[in-house]
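Here the structure comes first, spelled out in structure tokens, and everything after it is commentary.
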Amino acid sequence: MASRTPFLAGNWKMNQEQQLTMDFMHGLSVWLQDHDASSIDIALFPSFLSIPAAIATAHESVIVGAQTVASYDNGAYTGEVSAAMIADAGCGAVLVGHSERREYFGESEQDFVLKVEKALHAGLHVIYCVGETLDQRKAGSQQDVVRKQLDPVLKSIDAEQMKNVSIAYEPVWAIGTGETATPDQAQEMHAFIREWLANAIGEDSVANTRLLYGGSMKPANAKELLDQPDVDGGLIGGASLQVESFTDILSHALS
Ligand code: PEP
């Protein structure tokens with residue numbers, strides 16, 4: 001049986017200027033001095049402008065990542081930040097496919113295929129996000145939706161590259177709403193994703209792929225979600241902004 005290292009990631013979205021970032025990292029370091037967190041992976045995704053402050057102050061075991069990445073290498077793309085720049089800044093990971101990028105910035109699988117390719121080429125770990133809307137779940141099409149979000153990206157990478165990819169299942173109806181998928185709903189979708197990955201890439205190659213749950217994960221519900229056999233961690237928005245609630249969630253993942 002595969003033993004996957006739990007992966008807990010905080011997506012700060014457009015929150016936390018430099019001082020708040022440094023205060024958070026300090027608080028997290030203090031917590032890490034008192035807790036053996038060597039059994040889990042921790043990542044935080046600040047805004048681009050807070051990344052240098054995060055990297056300068058983060059505990060050495062904490063991965064700092066970017067919330068998005070350009071689908072181009074370099075050149076005349078005003079406002080964009082390339083994978084090479086993100087890696088050069090000291091980041092180790094990037095989020096791709098977040099539903100807010102899909103909804104507010106019109107990004108699609110076509111963009112995500114390129115972004116994943118650029119990020120992997122730059123040596124960044126990718127957390128690729130998928131998830132259905134409430135209407136899609138009500139219509140019972142959630143697995144179809146997730147499969148269509150996964151397929152183009154899976155077709156564009158090989159088994160070796162997959163080692164540097166995690167998948168976050170984030171039902172859109174649970175993001176920032178206070179609504180959480182039930183542990184059974186999360187487990188059902190994660191088992192489906194794992195089977196789909198095994199078909200697409202090969203069972204052995206995805207045995208260690210982490211599948212994170214995202215959508216109003218908080219201290220009160222983290223344990224029952226993380227206890228599910230196919231939930232290997234969390235992508236946490238609101239509850240990752242305060243060091244206390246983030247570390248409470250981390251506590252549930254410690255072995
Ligand atoms: C997210 O945006 O990735 C997320 C899971 O947000 P929240 O935890 O606030 O629902």
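Chain labels A, B, ... are given in the sequence in which chains occur in the structure tokens; within each chain residues are numbered consecutively from 1, and ligands are likewise numbered from 1 in the order shown.
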Per residue of chain A within 7 Å of ligand 1, what are the shortest atom pair and its distance in Å to one decimal, counting only C-alpha atoms and all ligand atoms, with rows by chain and residue number, as CSV?
```
residue,atom,partner,partner_atom_place_in_ligand_line,distance
A:Asn11,CA,ligand 1,3 (O),5.7
A:His98,CA,ligand 1,3 (O),6.9
A:Glu170,CA,ligand 1,5 (C),6.3
A:Ala174,CA,ligand 1,10 (O),5.8
A:Ile175,CA,ligand 1,10 (O),3.3
A:Gly176,CA,ligand 1,10 (O),3.6
A:Thr177,CA,ligand 1,10 (O),6.3
A:Gly178,CA,ligand 1,10 (O),6.8
A:Gly214,CA,ligand 1,5 (C),4.0
A:Gly215,CA,ligand 1,10 (O),3.7
A:Ser216,CA,ligand 1,10 (O),3.5
A:Met217,CA,ligand 1,8 (O),5.2
A:Leu235,CA,ligand 1,5 (C),5.3
A:Ile236,CA,ligand 1,8 (O),4.1
A:Gly237,CA,ligand 1,6 (O),3.4
A:Gly238,CA,ligand 1,9 (O),3.8
A:Ala239,CA,ligand 1,8 (O),6.1
```
Convert the current residue selection to file output with C-alpha atoms, as a PDB file, in the first residue's frame.
```pdb
ATOM      1  CA  ASN A  11      -3.902  29.636  -0.633  1.00  0.00           C
ATOM      2  CA  HIS A  98      -8.047  27.263  -9.455  1.00  0.00           C
ATOM      3  CA  GLU A 170     -12.207  21.706  -4.839  1.00  0.00           C
ATOM      4  CA  ALA A 174     -17.628  24.707  -1.128  1.00  0.00           C
ATOM      5  CA  ILE A 175     -14.955  27.346  -1.826  1.00  0.00           C
ATOM      6  CA  GLY A 176     -15.256  30.303   0.510  1.00  0.00           C
ATOM      7  CA  THR A 177     -18.900  29.464   1.244  1.00  0.00           C
ATOM      8  CA  GLY A 178     -18.568  27.754   4.618  1.00  0.00           C
ATOM      9  CA  GLY A 214     -10.216  22.083  -0.850  1.00  0.00           C
ATOM     10  CA  GLY A 215     -13.404  23.909   0.045  1.00  0.00           C
ATOM     11  CA  SER A 216     -13.969  25.467   3.467  1.00  0.00           C
ATOM     12  CA  MET A 217     -11.576  23.095   5.216  1.00  0.00           C
ATOM     13  CA  LEU A 235      -5.804  23.186  -0.051  1.00  0.00           C
ATOM     14  CA  ILE A 236      -7.017  25.714   2.451  1.00  0.00           C
ATOM     15  CA  GLY A 237      -8.160  29.257   1.715  1.00  0.00           C
ATOM     16  CA  GLY A 238      -9.819  31.274   4.494  1.00  0.00           C
ATOM     17  CA  ALA A 239      -8.579  29.101   7.357  1.00  0.00           C
TER      18      ALA A 239
END
```
Can you list, as a PyMOL selection string, every protein, DNA or RNA residue that comes within 6 Å of stretch 133-147 of chain A when you count only C-alpha atoms, leaving out same-chain residues fewer than 3 positions away? chain A and resi 130+150-151+172-173
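Here atom CA of A:Val81 stands at a distance of 13.7 Å from atom CA of A:Leu124.
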Please identify which residues in stretch 51-232 of chain A DSSP calls strand (DSSP E or B) from the backbone, and express them as a list in words.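 Of stretch 51-232 of chain A, the ones in strand (DSSP E or B) are Val62, Ile63, Val64, Gly65, Ala66, Ala93, Val94, Leu95, Val96, His125, Val126, Ile127, Tyr128, Cys129, Val130, Val165, Ser166, Ile167, Ala168, Tyr169, Leu211, Leu212, Tyr213 and Gly214 of chain A.
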Skipping near chain neighbours, those fewer than 4 positions away, what residues fall within 12 Å of A:Glu203 using only C-alpha atoms, listed as a list in words?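 So, after excluding close chain neighbours, the residues are Met1, Ala2, Ala159, Met162, Ile193, Arg194, Glu195, Trp196, Leu197, Ala198, Asn199, Ala207, Asn208 and Thr209 of chain A.
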Keeping only C-alpha atoms, write the selected residues as an mmCIF file, in the first residue's frame.
```
data_model
loop_
_atom_site.group_PDB
_atom_site.id
_atom_site.type_symbol
_atom_site.label_atom_id
_atom_site.label_comp_id
_atom_site.auth_asym_id
_atom_site.auth_seq_id
_atom_site.Cartn_x
_atom_site.Cartn_y
_atom_site.Cartn_z
ATOM 1 C CA MET A 1 0.000 0.000 0.000
ATOM 2 C CA ALA A 2 1.314 3.437 -0.928
ATOM 3 C CA ALA A 159 4.624 9.339 -15.599
ATOM 4 C CA MET A 162 3.404 13.271 -12.711
ATOM 5 C CA ILE A 193 -9.777 10.733 -9.438
ATOM 6 C CA ARG A 194 -7.229 8.188 -8.251
ATOM 7 C CA GLU A 195 -8.720 5.522 -10.471
ATOM 8 C CA TRP A 196 -8.809 7.931 -13.403
ATOM 9 C CA LEU A 197 -5.167 8.885 -12.869
ATOM 10 C CA ALA A 198 -4.209 5.205 -12.693
ATOM 11 C CA ASN A 199 -5.939 4.588 -16.034
ATOM 12 C CA ALA A 207 0.461 5.500 -6.234
ATOM 13 C CA ASN A 208 2.213 8.390 -4.479
ATOM 14 C CA THR A 209 0.274 11.246 -6.085
#
```
Can you work out the spacing between atom CA of A:Cys91 and atom CA of A:Gln18 in Å, to one decimal?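 According to the coordinates, atom CA of A:Cys91 and atom CA of A:Gln18 are separated by 16.0 Å.
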Pick out the residues sitting within 10 Å of A:Glu188, and hand them over as a PyMOL selection string; count only C-alpha atoms, and ignore anything fewer than 5 positions along from it in its own chain. chain A and resi 143+182-183+193+228+230-231
Output N, CA and C atoms for every residue in the selection just made, as an mmCIF file, in the first residue's frame.
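As a result, out07.cif now contains:
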```cif
data_model
loop_
_atom_site.group_PDB
_atom_site.id
_atom_site.type_symbol
_atom_site.label_atom_id
_atom_site.label_comp_id
_atom_site.auth_asym_id
_atom_site.auth_seq_id
_atom_site.Cartn_x
_atom_site.Cartn_y
_atom_site.Cartn_z
ATOM 1 N N GLN A 143 -18.547 13.893 -11.801
ATOM 2 C CA GLN A 143 -17.392 13.083 -12.231
ATOM 3 C C GLN A 143 -17.010 13.379 -13.676
ATOM 4 N N THR A 182 -19.093 16.588 2.328
ATOM 5 C CA THR A 182 -19.047 15.627 3.431
ATOM 6 C C THR A 182 -17.816 14.741 3.217
ATOM 7 N N PRO A 183 -17.332 14.117 4.274
ATOM 8 C CA PRO A 183 -16.200 13.204 4.091
ATOM 9 C C PRO A 183 -16.501 12.150 3.022
ATOM 10 N N ILE A 193 -10.947 10.071 -8.825
ATOM 11 C CA ILE A 193 -9.777 10.733 -9.438
ATOM 12 C C ILE A 193 -8.580 9.784 -9.433
ATOM 13 N N GLN A 228 -10.071 10.323 5.560
ATOM 14 C CA GLN A 228 -10.525 9.509 4.417
ATOM 15 C C GLN A 228 -9.301 8.912 3.714
ATOM 16 N N ASP A 230 -8.444 8.310 0.712
ATOM 17 C CA ASP A 230 -7.892 8.925 -0.505
ATOM 18 C C ASP A 230 -7.730 10.441 -0.395
ATOM 19 N N VAL A 231 -7.919 10.981 0.799
ATOM 20 C CA VAL A 231 -7.680 12.421 1.003
ATOM 21 C C VAL A 231 -6.294 12.554 1.631
#
```
So that I can see what lies close to A:Ala119, please list as a PyMOL selection string the residues with an atom at most 10 Å from it, counting only C-alpha atoms and leaving out residues fewer than 2 positions away in the same chain. chain A and resi 68-71+73+82-84+86-87+92-96+114-117+121-126+164
